[in-house]
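S.K.: Sharing model-v8.txt, compact mmCIF, C-alpha atoms:
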# COMPACT_ATOMS: atom_id res chain seq x y z
CA MET A 1 109.36 125.06 113.01
CA SER A 2 111.88 123.11 110.89
CA ASP A 3 111.88 119.80 112.76
CA MET A 4 108.45 118.60 111.64
CA LEU A 5 108.50 114.90 110.82
CA LEU A 6 105.55 115.36 108.47
CA PHE A 7 107.68 117.59 106.25
CA SER A 8 110.97 115.73 106.57
CA PRO A 9 112.28 113.78 103.56
CA MET A 10 112.07 110.00 103.61
CA THR A 11 114.08 107.58 101.50
CA ILE A 12 112.76 104.08 100.80
CA ARG A 13 115.16 101.96 98.76
CA GLY A 14 116.28 104.30 95.97
CA VAL A 15 113.34 106.71 96.07
CA THR A 16 113.19 109.86 98.22
CA LEU A 17 109.89 111.48 99.17
CA LYS A 18 110.09 115.19 99.95
CA ASN A 19 107.62 114.72 102.84
CA ARG A 20 105.59 111.97 104.52
CA ILE A 21 102.23 113.01 103.00
CA VAL A 22 100.71 110.45 100.64
CA VAL A 23 97.68 110.74 98.40
CA PRO A 24 96.29 107.19 98.53
CA PRO A 25 94.71 105.51 95.50
CA MET A 26 91.10 106.62 95.13
CA HIS A 27 88.87 105.18 92.38
CA GLN A 28 87.66 107.76 89.89
CA TYR A 29 85.71 105.42 87.55
CA SER A 30 86.47 107.77 84.67
CA ALA A 31 88.58 105.68 82.29
CA GLU A 32 87.51 104.85 78.75
CA LYS A 33 87.95 101.14 78.01
CA GLY A 34 90.70 101.06 80.60
CA PHE A 35 92.56 104.10 79.28
CA PRO A 36 93.16 107.20 81.45
CA THR A 37 91.44 110.42 80.40
CA ASP A 38 92.04 114.12 81.02
CA TRP A 39 90.18 113.66 84.30
CA HIS A 40 92.95 111.43 85.60
CA LEU A 41 95.63 113.91 84.55
CA MET A 42 93.79 116.75 86.29
CA ASN A 43 93.00 114.69 89.37
CA ALA A 44 96.49 113.34 90.01
CA GLY A 45 98.09 116.59 88.88
CA LYS A 46 96.26 118.79 91.35
CA PHE A 47 97.37 116.62 94.27
CA ALA A 48 100.98 116.63 93.07
CA ALA A 49 100.86 120.40 92.63
CA GLY A 50 99.30 120.70 96.09
CA GLY A 51 102.52 119.54 97.72
CA ALA A 52 102.12 115.83 98.53
CA GLY A 53 105.31 113.78 98.61
CA LEU A 54 103.74 110.70 97.00
CA VAL A 55 100.69 110.48 94.75
CA ILE A 56 99.40 106.95 94.10
CA VAL A 57 97.22 106.49 91.03
CA GLU A 58 94.02 104.56 91.69
CA SER A 59 93.64 100.77 91.55
CA THR A 60 94.60 99.77 88.00
CA LYS A 61 93.39 96.37 86.96
CA VAL A 62 95.74 93.53 86.03
CA GLU A 63 93.15 91.81 83.81
CA ARG A 64 89.86 92.75 82.16
CA ARG A 65 87.84 90.46 84.43
CA GLY A 66 89.20 92.37 87.39
CA CYS A 67 87.48 95.65 86.51
CA GLY A 68 85.06 96.64 89.23
CA THR A 69 82.90 98.77 87.00
CA ILE A 70 82.75 100.80 83.84
CA GLY A 71 85.54 103.36 84.07
CA ASP A 72 88.28 101.33 85.80
CA LEU A 73 91.86 101.92 84.71
CA GLY A 74 93.60 98.99 83.03
CA ILE A 75 97.16 97.72 82.78
CA TRP A 76 96.55 94.23 81.33
CA ASP A 77 98.11 95.06 77.96
CA ASP A 78 101.20 96.94 76.77
CA LYS A 79 98.93 99.43 75.01
CA PHE A 80 98.24 101.01 78.39
CA ILE A 81 101.91 101.85 79.09
CA ALA A 82 102.16 105.10 77.11
CA PRO A 83 98.90 106.67 78.37
CA LEU A 84 99.78 105.82 81.98
CA SER A 85 103.26 107.24 81.43
CA ARG A 86 101.64 110.62 80.78
CA LEU A 87 100.23 110.56 84.33
CA PHE A 88 103.61 109.63 85.76
CA GLY A 89 105.32 112.43 83.84
CA PHE A 90 103.00 115.17 85.03
CA ILE A 91 103.16 114.06 88.68
CA LYS A 92 106.96 113.98 88.44
CA GLN A 93 107.04 117.49 86.96
CA GLN A 94 105.41 118.79 90.14
CA ASN A 95 108.28 117.39 92.26
CA ALA A 96 106.15 114.57 93.65
CA VAL A 97 106.83 110.83 93.48
CA ALA A 98 104.36 108.94 91.30
CA GLY A 99 102.99 105.60 92.46
CA ILE A 100 100.35 103.26 91.09
CA GLN A 101 98.20 100.58 92.70
CA LEU A 102 97.59 97.22 91.03
CA GLY A 103 94.26 95.56 91.74
CA HIS A 104 91.62 93.00 90.80
CA SER A 105 88.01 93.28 91.98
CA GLY A 106 87.32 89.53 92.15
CA ARG A 107 83.71 88.78 93.10
CA LYS A 108 82.97 92.53 93.40
CA ALA A 109 83.52 93.01 89.66
CA ARG A 110 80.93 94.05 87.05
CA ALA A 111 79.20 96.53 89.36
CA SER A 112 77.71 99.96 88.86
CA ARG A 113 79.56 103.08 89.95
CA PRO A 114 78.98 103.87 93.65
CA TRP A 115 77.02 107.03 92.89
CA GLU A 116 74.81 105.03 90.53
CA GLY A 117 73.65 102.66 93.23
CA ASP A 118 76.65 100.44 94.02
CA ARG A 119 74.93 97.30 92.75
CA PRO A 120 75.58 94.59 90.15
CA LEU A 121 75.39 95.84 86.58
CA GLU A 122 72.66 94.65 84.28
CA ARG A 123 73.46 93.18 80.88
CA SER A 124 73.29 95.79 78.12
CA ALA A 125 74.40 96.19 74.52
CA ALA A 126 76.77 98.93 75.65
CA ILE A 127 78.98 96.30 77.33
CA GLU A 128 80.38 94.39 74.38
CA ASP A 129 82.31 91.78 76.37
CA TRP A 130 79.69 90.98 79.01
CA ASP A 131 80.27 87.22 79.06
CA ALA A 132 84.05 87.63 79.24
CA TRP A 133 83.62 90.01 82.16
CA THR A 134 82.46 87.30 84.56
CA PRO A 135 83.21 87.87 88.26
CA VAL A 136 85.67 85.29 89.59
CA ALA A 137 86.77 84.50 93.12
CA PRO A 138 88.60 81.91 95.20
CA SER A 139 85.27 80.17 95.84
CA ALA A 140 81.74 80.38 94.42
CA ILE A 141 80.48 82.51 97.31
CA ALA A 142 78.65 85.80 96.74
CA HIS A 143 79.71 88.99 98.49
CA SER A 144 76.19 89.26 99.90
CA GLU A 145 72.62 88.44 99.00
CA ARG A 146 72.58 91.48 96.70
CA TRP A 147 75.45 90.17 94.59
CA PRO A 148 75.70 87.31 92.08
CA VAL A 149 77.64 84.13 92.84
CA PRO A 150 81.10 84.38 91.21
CA ARG A 151 82.79 81.58 89.33
CA ALA A 152 85.46 79.81 91.38
CA LEU A 153 88.93 80.05 89.82
CA GLU A 154 90.62 76.85 88.70
CA THR A 155 94.09 76.26 90.14
CA LEU A 156 95.77 76.96 86.80
CA GLU A 157 93.81 80.22 86.53
CA VAL A 158 95.17 81.30 89.91
CA LYS A 159 98.69 80.71 88.64
CA ASP A 160 97.89 82.66 85.48
CA LEU A 161 96.71 85.55 87.66
CA VAL A 162 99.98 85.49 89.58
CA ALA A 163 101.77 85.89 86.26
CA ALA A 164 99.37 88.68 85.24
CA TRP A 165 100.35 90.68 88.34
CA GLY A 166 103.99 90.25 87.43
CA GLN A 167 103.42 91.53 83.90
CA ALA A 168 101.37 94.45 85.25
CA ALA A 169 104.34 95.38 87.46
CA ARG A 170 106.59 95.33 84.40
CA ARG A 171 104.25 97.69 82.60
CA ALA A 172 104.07 100.01 85.62
CA HIS A 173 107.87 100.16 85.66
CA GLU A 174 108.04 100.84 81.92
CA ALA A 175 105.49 103.63 82.37
CA GLY A 176 107.92 105.24 84.83
CA PHE A 177 106.16 104.84 88.16
CA GLU A 178 108.51 104.82 91.15
CA VAL A 179 106.29 103.25 93.83
CA LEU A 180 104.02 100.24 93.40
CA GLU A 181 101.20 99.20 95.71
CA LEU A 182 99.40 95.84 95.62
CA HIS A 183 95.74 96.05 96.59
CA GLY A 184 95.08 93.31 99.13
CA ALA A 185 92.22 94.97 101.00
CA HIS A 186 88.57 95.99 100.89
CA GLY A 187 87.07 92.66 99.87
CA TYR A 188 88.71 92.51 96.45
CA LEU A 189 90.41 89.43 95.00
CA VAL A 190 93.56 89.26 97.13
CA HIS A 191 91.56 89.88 100.30
CA GLU A 192 89.08 87.20 99.20
CA PHE A 193 91.91 84.67 99.18
CA LEU A 194 93.00 85.72 102.69
CA SER A 195 89.56 85.47 104.30
CA GLU A 196 88.08 82.19 105.55
CA ARG A 197 84.65 83.65 104.80
CA SER A 198 85.29 83.97 101.06
CA ASN A 199 87.94 81.29 100.55
CA GLN A 200 86.80 77.70 100.99
CA ARG A 201 89.17 76.11 98.51
CA SER A 202 90.64 72.65 99.04
CA ASP A 203 93.82 73.10 96.97
CA GLN A 204 97.09 74.80 97.94
CA TYR A 205 95.39 78.22 97.91
CA GLY A 206 92.78 77.45 100.58
CA GLY A 207 92.20 75.90 103.97
CA SER A 208 95.03 76.77 106.34
CA GLU A 209 96.17 80.32 107.03
CA ALA A 210 99.43 79.61 105.19
CA ASN A 211 97.53 78.38 102.14
CA ARG A 212 95.21 81.40 102.13
CA MET A 213 98.27 83.66 102.25
CA ARG A 214 99.90 81.82 99.36
CA PHE A 215 98.27 83.82 96.55
CA LEU A 216 99.49 87.18 97.82
CA ILE A 217 102.93 85.78 98.60
CA GLU A 218 103.26 84.40 95.07
CA VAL A 219 101.95 87.66 93.59
CA THR A 220 104.58 89.55 95.58
CA GLU A 221 107.33 87.25 94.34
CA ALA A 222 106.15 87.57 90.73
CA VAL A 223 105.94 91.35 91.02
CA ARG A 224 109.45 91.62 92.47
CA VAL A 225 110.83 89.74 89.45
CA HIS A 226 109.68 92.64 87.25
CA TRP A 227 109.73 95.53 89.74
CA PRO A 228 113.31 96.82 90.19
CA ASP A 229 115.06 96.45 93.53
CA HIS A 230 115.56 100.21 93.85
CA LYS A 231 111.81 100.90 93.70
CA PRO A 232 109.60 100.59 96.83
CA LEU A 233 106.76 98.10 97.05
CA PHE A 234 103.69 98.71 99.24
CA VAL A 235 100.82 96.35 100.10
CA ARG A 236 97.42 97.58 101.23
CA LEU A 237 95.72 95.28 103.71
CA SER A 238 92.40 95.31 105.51
CA VAL A 239 94.21 94.76 108.78
CA GLU A 240 90.84 94.24 110.48
CA ASP A 241 87.99 93.08 108.28
CA ASN A 242 85.37 92.42 110.98
CA ALA A 243 84.98 88.91 109.57
CA GLY A 244 87.74 86.79 111.08
CA TRP A 245 90.87 88.37 109.61
CA GLY A 246 92.48 90.70 112.12
CA PRO A 247 95.69 92.46 113.23
CA GLU A 248 97.41 89.27 114.39
CA GLN A 249 96.97 87.59 111.01
CA SER A 250 97.96 90.79 109.21
CA ALA A 251 101.15 91.12 111.25
CA ARG A 252 102.08 87.51 110.53
CA LEU A 253 101.51 88.08 106.82
CA ALA A 254 103.48 91.34 106.83
CA ALA A 255 106.43 89.59 108.49
CA ILE A 256 106.42 87.05 105.64
CA LEU A 257 106.10 89.72 102.93
CA LYS A 258 108.93 91.91 104.22
CA PRO A 259 111.79 89.59 103.19
CA LYS A 260 109.97 89.04 99.88
CA GLY A 261 110.55 92.71 99.06
CA VAL A 262 107.61 94.58 100.60
CA ASP A 263 108.61 97.84 102.24
CA VAL A 264 105.38 99.38 103.57
CA ILE A 265 102.00 98.04 104.70
CA ASP A 266 99.16 100.45 103.93
CA CYS A 267 96.77 99.77 106.81
CA SER A 268 93.05 99.97 106.08
CA SER A 269 90.06 97.87 107.17
CA GLY A 270 86.80 96.20 106.16
CA GLY A 271 85.34 95.15 102.84
CA ILE A 272 84.97 91.38 102.95
CA SER A 273 81.33 91.83 103.96
CA GLU A 274 78.91 94.72 103.81
CA MET A 275 79.72 95.61 107.41
CA ALA A 276 81.17 99.13 107.66
CA PRO A 277 84.96 99.19 108.05
CA ILE A 278 85.04 100.66 111.55
CA LEU A 279 86.50 99.44 114.80
CA GLY A 280 83.90 100.82 117.15
CA LYS A 281 80.41 102.24 117.23
CA GLU A 282 81.41 105.53 115.66
CA ILE A 283 84.05 106.72 113.24
CA LYS A 284 86.45 109.10 114.95
CA TYR A 285 89.79 110.77 114.35
CA ASN A 286 92.59 108.25 113.74
CA TYR A 287 90.12 105.35 113.77
CA GLN A 288 92.45 103.09 111.75
CA VAL A 289 95.76 104.37 113.13
CA PRO A 290 95.93 101.62 115.82
CA LEU A 291 96.05 99.09 112.98
CA ALA A 292 99.13 100.74 111.49
CA GLU A 293 100.73 100.90 114.93
CA TYR A 294 100.05 97.22 115.62
CA VAL A 295 101.49 95.97 112.33
CA ARG A 296 104.49 98.30 112.63
CA ARG A 297 105.32 97.01 116.08
CA HIS A 298 104.64 93.30 115.61
CA ALA A 299 105.98 92.82 112.06
CA ASP A 300 108.89 95.29 112.29
CA ILE A 301 107.87 96.89 109.00
CA MET A 302 107.07 100.44 107.95
CA THR A 303 103.38 101.29 107.82
CA MET A 304 101.12 103.95 106.37
CA ALA A 305 98.20 105.25 108.40
CA VAL A 306 94.90 106.28 106.81
CA GLY A 307 91.41 107.09 108.04
CA LEU A 308 89.95 110.44 109.08
CA ILE A 309 93.30 112.18 109.34
CA ILE A 310 92.15 115.75 108.95
CA HIS A 311 94.67 118.15 110.51
CA GLY A 312 98.39 118.69 110.13
CA ASP A 313 99.14 118.52 113.84
CA GLN A 314 97.11 115.32 114.04
CA ALA A 315 99.29 113.78 111.32
CA GLU A 316 102.47 115.04 112.97
CA GLN A 317 101.53 113.46 116.29
CA ILE A 318 100.95 110.07 114.65
CA LEU A 319 104.50 110.18 113.34
CA ARG A 320 105.98 111.42 116.62
CA ASP A 321 104.19 108.66 118.52
CA LYS A 322 105.73 106.13 116.10
CA GLN A 323 102.33 104.78 115.14
CA ALA A 324 103.15 104.95 111.43
CA ASP A 325 105.86 106.10 109.02
CA LEU A 326 103.69 107.67 106.33
CA ILE A 327 100.39 109.56 106.44
CA ALA A 328 97.74 108.98 103.78
CA VAL A 329 95.26 111.83 103.39
CA GLY A 330 92.37 110.71 101.19
CA ARG A 331 88.96 112.31 101.35
CA GLU A 332 90.25 115.37 103.13
CA ILE A 333 92.63 116.06 100.25
CA LEU A 334 89.65 115.76 97.90
CA ASN A 335 88.15 118.54 99.98
CA ASN A 336 91.35 120.58 99.83
CA PRO A 337 93.95 119.52 97.22
CA ASN A 338 96.39 121.99 98.77
CA TRP A 339 96.25 120.24 102.15
CA PRO A 340 100.06 119.83 102.37
CA MET A 341 100.58 123.56 101.86
CA ASP A 342 97.89 124.39 104.42
CA ALA A 343 99.40 121.97 106.92
CA ALA A 344 102.86 123.48 106.48
CA LEU A 345 101.47 126.98 107.04
CA LYS A 346 99.51 126.04 110.14
CA LEU A 347 102.36 124.04 111.65
CA GLY A 348 104.75 126.93 111.20
CA VAL A 349 107.04 125.13 108.77
CA GLU A 350 109.67 127.45 107.34
CA GLY A 351 108.87 128.44 103.76
CA PRO A 352 105.45 126.73 103.58
CA PHE A 353 104.90 127.85 99.99
CA ARG A 354 108.07 126.17 98.78
CA HIS A 355 106.22 122.85 98.85
CA VAL A 356 104.09 123.78 95.85
CA PRO A 357 104.92 124.91 92.29
CA PRO A 358 105.95 128.57 91.92
CA GLN A 359 103.04 129.26 89.58
CA PHE A 360 100.95 129.77 92.69
CA GLY A 361 103.42 129.32 95.54
CA TYR A 362 105.24 132.53 94.56
CA TRP A 363 102.08 134.63 94.64
CA LEU A 364 100.87 133.19 97.92
CA GLY A 365 104.32 133.74 99.42
CA THR A 366 104.45 137.40 98.43
CA ARG A 367 100.97 137.97 99.82
CA ALA A 368 101.96 136.36 103.11
CA LYS A 369 105.12 138.52 103.36
CA ARG A 370 103.31 141.79 102.95
CA GLY A 371 100.34 140.74 105.08
CA PHE A 372 96.72 141.09 104.15
CA GLY A 373 94.98 141.51 107.49
CA THR A 374 93.35 138.09 107.73
CA ARG A 375 93.89 134.34 107.25
CA PRO A 376 93.33 132.20 104.14
CA SER A 377 89.81 130.89 103.61
CA THR A 378 91.01 127.35 104.26
CA TRP A 379 92.30 128.17 107.73
CA GLN A 380 90.81 126.03 110.47
CA SER A 381 91.87 124.97 113.91
CA GLY A 382 93.91 121.85 114.35
CA LEU A 383 93.60 119.37 117.18
CA ARG A 384 95.61 121.57 119.55
CA GLU A 385 93.17 124.43 119.09
CA ALA A 386 90.02 122.31 118.90
CA GLY A 387 90.37 121.00 122.44
CA PRO A 388 89.81 117.56 124.00
CA GLU A 389 86.53 116.92 122.20
CA ALA A 390 88.47 116.68 118.95
CA ASP A 391 90.14 113.49 120.10
CA ARG A 392 86.81 111.73 120.30
CA LYS A 393 84.69 112.94 117.46
CA PRO A 394 85.24 114.76 114.15
CA THR A 395 83.82 118.24 113.72
Can you give me the file's structure in the form of structure tokens?

M.R.:
Amino acid sequence: MSDMLLFSPMTIRGVTLKNRIVVPPMHQYSAEKGFPTDWHLMNAGKFAAGGAGLVIVESTKVERRGCGTIGDLGIWDDKFIAPLSRLFGFIKQQNAVAGIQLGHSGRKARASRPWEGDRPLERSAAIEDWDAWTPVAPSAIAHSERWPVPRALETLEVKDLVAAWGQAARRAHEAGFEVLELHGAHGYLVHEFLSERSNQRSDQYGGSEANRMRFLIEVTEAVRVHWPDHKPLFVRLSVEDNAGWGPEQSARLAAILKPKGVDVIDCSSGGISEMAPILGKEIKYNYQVPLAEYVRRHADIMTMAVGLIIHGDQAEQILRDKQADLIAVGREILNNPNWPMDAALKLGVEGPFRHVPPQFGYWLGTRAKRGFGTRPSTWQSGLREAGPEADRKPT
């Protein structure tokens, strides 16, 4: 089939994606003092070579205090431009668009890696700048009882942070990246400003909904000063955070951000508390897709869907139903970096091996032409073959 939306090109501003498949930013916690390592090159490179249209490098911190843990990528100094440019260059060589996410961990900073317990770090001689790495937030309110109370940002510090995001966008542009995403979700700093639970300020950045939105709006404006008009700008939101911020607020915010230069809302959920980011009692296929559909409809803005999108025909149906404009495949692409190629093959897309570099696409194509009596090891049924149970619960 040649009319698959999933594999149709998409142009946003001056950038064209070869398909609608996006590798979302996923923390690797493998940087060295903020600098990318060979792990980052390998990690981003395999997804680009696997056929995704857009590969977004993980949350890269706009200031040192914003690092969530040891191993976060940094972009708070010009010295990071050249190393990050190497990632951009390799992704681009694989015929994928390279994006990068800018973030700040706020009160969730100075933590251990998730696989090391996901808890606050303890002071050690190995962390030379411990006192400078103090968690900050809109208000002096801890994430939970397990976490320390952050220091509340002074008003002038908030304005300095707005400027820091703008400078980070400049560096991302100079490194070559073609898509930029602002991380406003998952309980990190921007989300902390949006939430009434974490933001109890009495200045222009707290109180009313408009004031709580002000930080992200100003960040967006500062970023657009340094991020060229021909390059797309995404914002990731926890559209539903299970703590008072929901789809209605997110749609209102998205409608404000659109004329400020935001092109796509990346629709996720949760993170402001320790409550799991789910909408019901169980996680199921497409569990966050309704969030993308709601924002798309009510804010008249393009959205990206993410959350247990496993199969190619599942992704295609989301696009056909106009629930989202882009499909982010996260943990499933960790499981199978060649997910785009597999999806093209299973959906019957003409020339499925043309979506990947010839170094392995050529050999897989010749094997497929001559036949080899079976199916690839990655072959699995999609939703159409899995039956009605697949709509309710993952297998």

S.K.: What lies within 10 Å of region 295-305 of chain A using only C-alpha atoms, ignoring chain neighbours under 2 positions off, as a ChimeraX atom specification?

M.R.: /A:12,20-22,24,234-236,239,247-258,262-268,286-293,307-309,315,318-319,322-329

S.K.: Record the distance separating CA of Arg171 (chain A) and CA of Ala82 (chain A), expressed in Å with one decimal.

M.R.: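 That distance, rounded to one decimal, is 9.5 Å.
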
S.K.: Rounded to one decimal in Å, what is the spacing between CA of Glu181 (chain A) and CA of Leu237 (chain A)?

M.R.: 10.5 Å

S.K.: Counting all atoms listed in the file, which of A:Gln28, A:Ser377, A:Ser105, A:Ser112 gets nearest to Pro135 (chain A)?

M.R.: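 Closest candidate: A:Ser105.
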
S.K.: Ranking A:Trp227, A:Trp379, A:Tyr362, A:Phe372 by minimum distance to Glu174 (chain A) and counting only C-alpha atoms, which one comes first?

M.R.: A:Trp227

S.K.: Would you mind exporting region 304-318 of chain A with N, CA and C atoms, as a PDB file, in the first residue's frame?

M.R.:
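Now in result35.pdb:
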ATOM      1  N   MET A 304       1.357  15.479  18.858  1.00  0.00           N
ATOM      2  CA  MET A 304       2.075  14.212  18.746  1.00  0.00           C
ATOM      3  C   MET A 304       1.552  13.284  19.837  1.00  0.00           C
ATOM      4  N   ALA A 305       1.193  12.073  19.437  1.00  0.00           N
ATOM      5  CA  ALA A 305       0.678  11.083  20.371  1.00  0.00           C
ATOM      6  C   ALA A 305       1.808  10.169  20.831  1.00  0.00           C
ATOM      7  N   VAL A 306       1.741   9.775  22.103  1.00  0.00           N
ATOM      8  CA  VAL A 306       2.744   8.877  22.672  1.00  0.00           C
ATOM      9  C   VAL A 306       2.072   8.036  23.754  1.00  0.00           C
ATOM     10  N   GLY A 307       2.577   6.849  23.992  1.00  0.00           N
ATOM     11  CA  GLY A 307       2.056   6.036  25.086  1.00  0.00           C
ATOM     12  C   GLY A 307       1.525   4.695  24.649  1.00  0.00           C
ATOM     13  N   LEU A 308       2.332   3.659  24.763  1.00  0.00           N
ATOM     14  CA  LEU A 308       1.979   2.291  24.427  1.00  0.00           C
ATOM     15  C   LEU A 308       1.434   2.165  23.006  1.00  0.00           C
ATOM     16  N   ILE A 309       2.123   2.817  22.089  1.00  0.00           N
ATOM     17  CA  ILE A 309       1.852   2.637  20.659  1.00  0.00           C
ATOM     18  C   ILE A 309       2.857   1.593  20.184  1.00  0.00           C
ATOM     19  N   ILE A 310       2.349   0.405  19.916  1.00  0.00           N
ATOM     20  CA  ILE A 310       3.195  -0.766  19.711  1.00  0.00           C
ATOM     21  C   ILE A 310       3.264  -1.207  18.248  1.00  0.00           C
ATOM     22  N   HIS A 311       2.137  -1.160  17.550  1.00  0.00           N
ATOM     23  CA  HIS A 311       2.038  -1.729  16.207  1.00  0.00           C
ATOM     24  C   HIS A 311       1.877  -0.660  15.138  1.00  0.00           C
ATOM     25  N   GLY A 312       2.320  -0.991  13.927  1.00  0.00           N
ATOM     26  CA  GLY A 312       2.213  -0.067  12.817  1.00  0.00           C
ATOM     27  C   GLY A 312       0.785   0.271  12.459  1.00  0.00           C
ATOM     28  N   ASP A 313      -0.095  -0.733  12.427  1.00  0.00           N
ATOM     29  CA  ASP A 313      -1.482  -0.440  12.062  1.00  0.00           C
ATOM     30  C   ASP A 313      -2.196   0.348  13.157  1.00  0.00           C
ATOM     31  N   GLN A 314      -1.755   0.180  14.377  1.00  0.00           N
ATOM     32  CA  GLN A 314      -2.266   0.992  15.493  1.00  0.00           C
ATOM     33  C   GLN A 314      -1.905   2.463  15.263  1.00  0.00           C
ATOM     34  N   ALA A 315      -0.640   2.721  14.915  1.00  0.00           N
ATOM     35  CA  ALA A 315      -0.192   4.083  14.651  1.00  0.00           C
ATOM     36  C   ALA A 315      -0.916   4.683  13.455  1.00  0.00           C
ATOM     37  N   GLU A 316      -1.077   3.891  12.412  1.00  0.00           N
ATOM     38  CA  GLU A 316      -1.762   4.367  11.207  1.00  0.00           C
ATOM     39  C   GLU A 316      -3.198   4.775  11.508  1.00  0.00           C
ATOM     40  N   GLN A 317      -3.876   4.004  12.344  1.00  0.00           N
ATOM     41  CA  GLN A 317      -5.274   4.312  12.663  1.00  0.00           C
ATOM     42  C   GLN A 317      -5.391   5.610  13.451  1.00  0.00           C
ATOM     43  N   ILE A 318      -4.445   5.872  14.329  1.00  0.00           N
ATOM     44  CA  ILE A 318      -4.451   7.129  15.081  1.00  0.00           C
ATOM     45  C   ILE A 318      -4.412   8.314  14.127  1.00  0.00           C
TER      46      ILE A 318
END
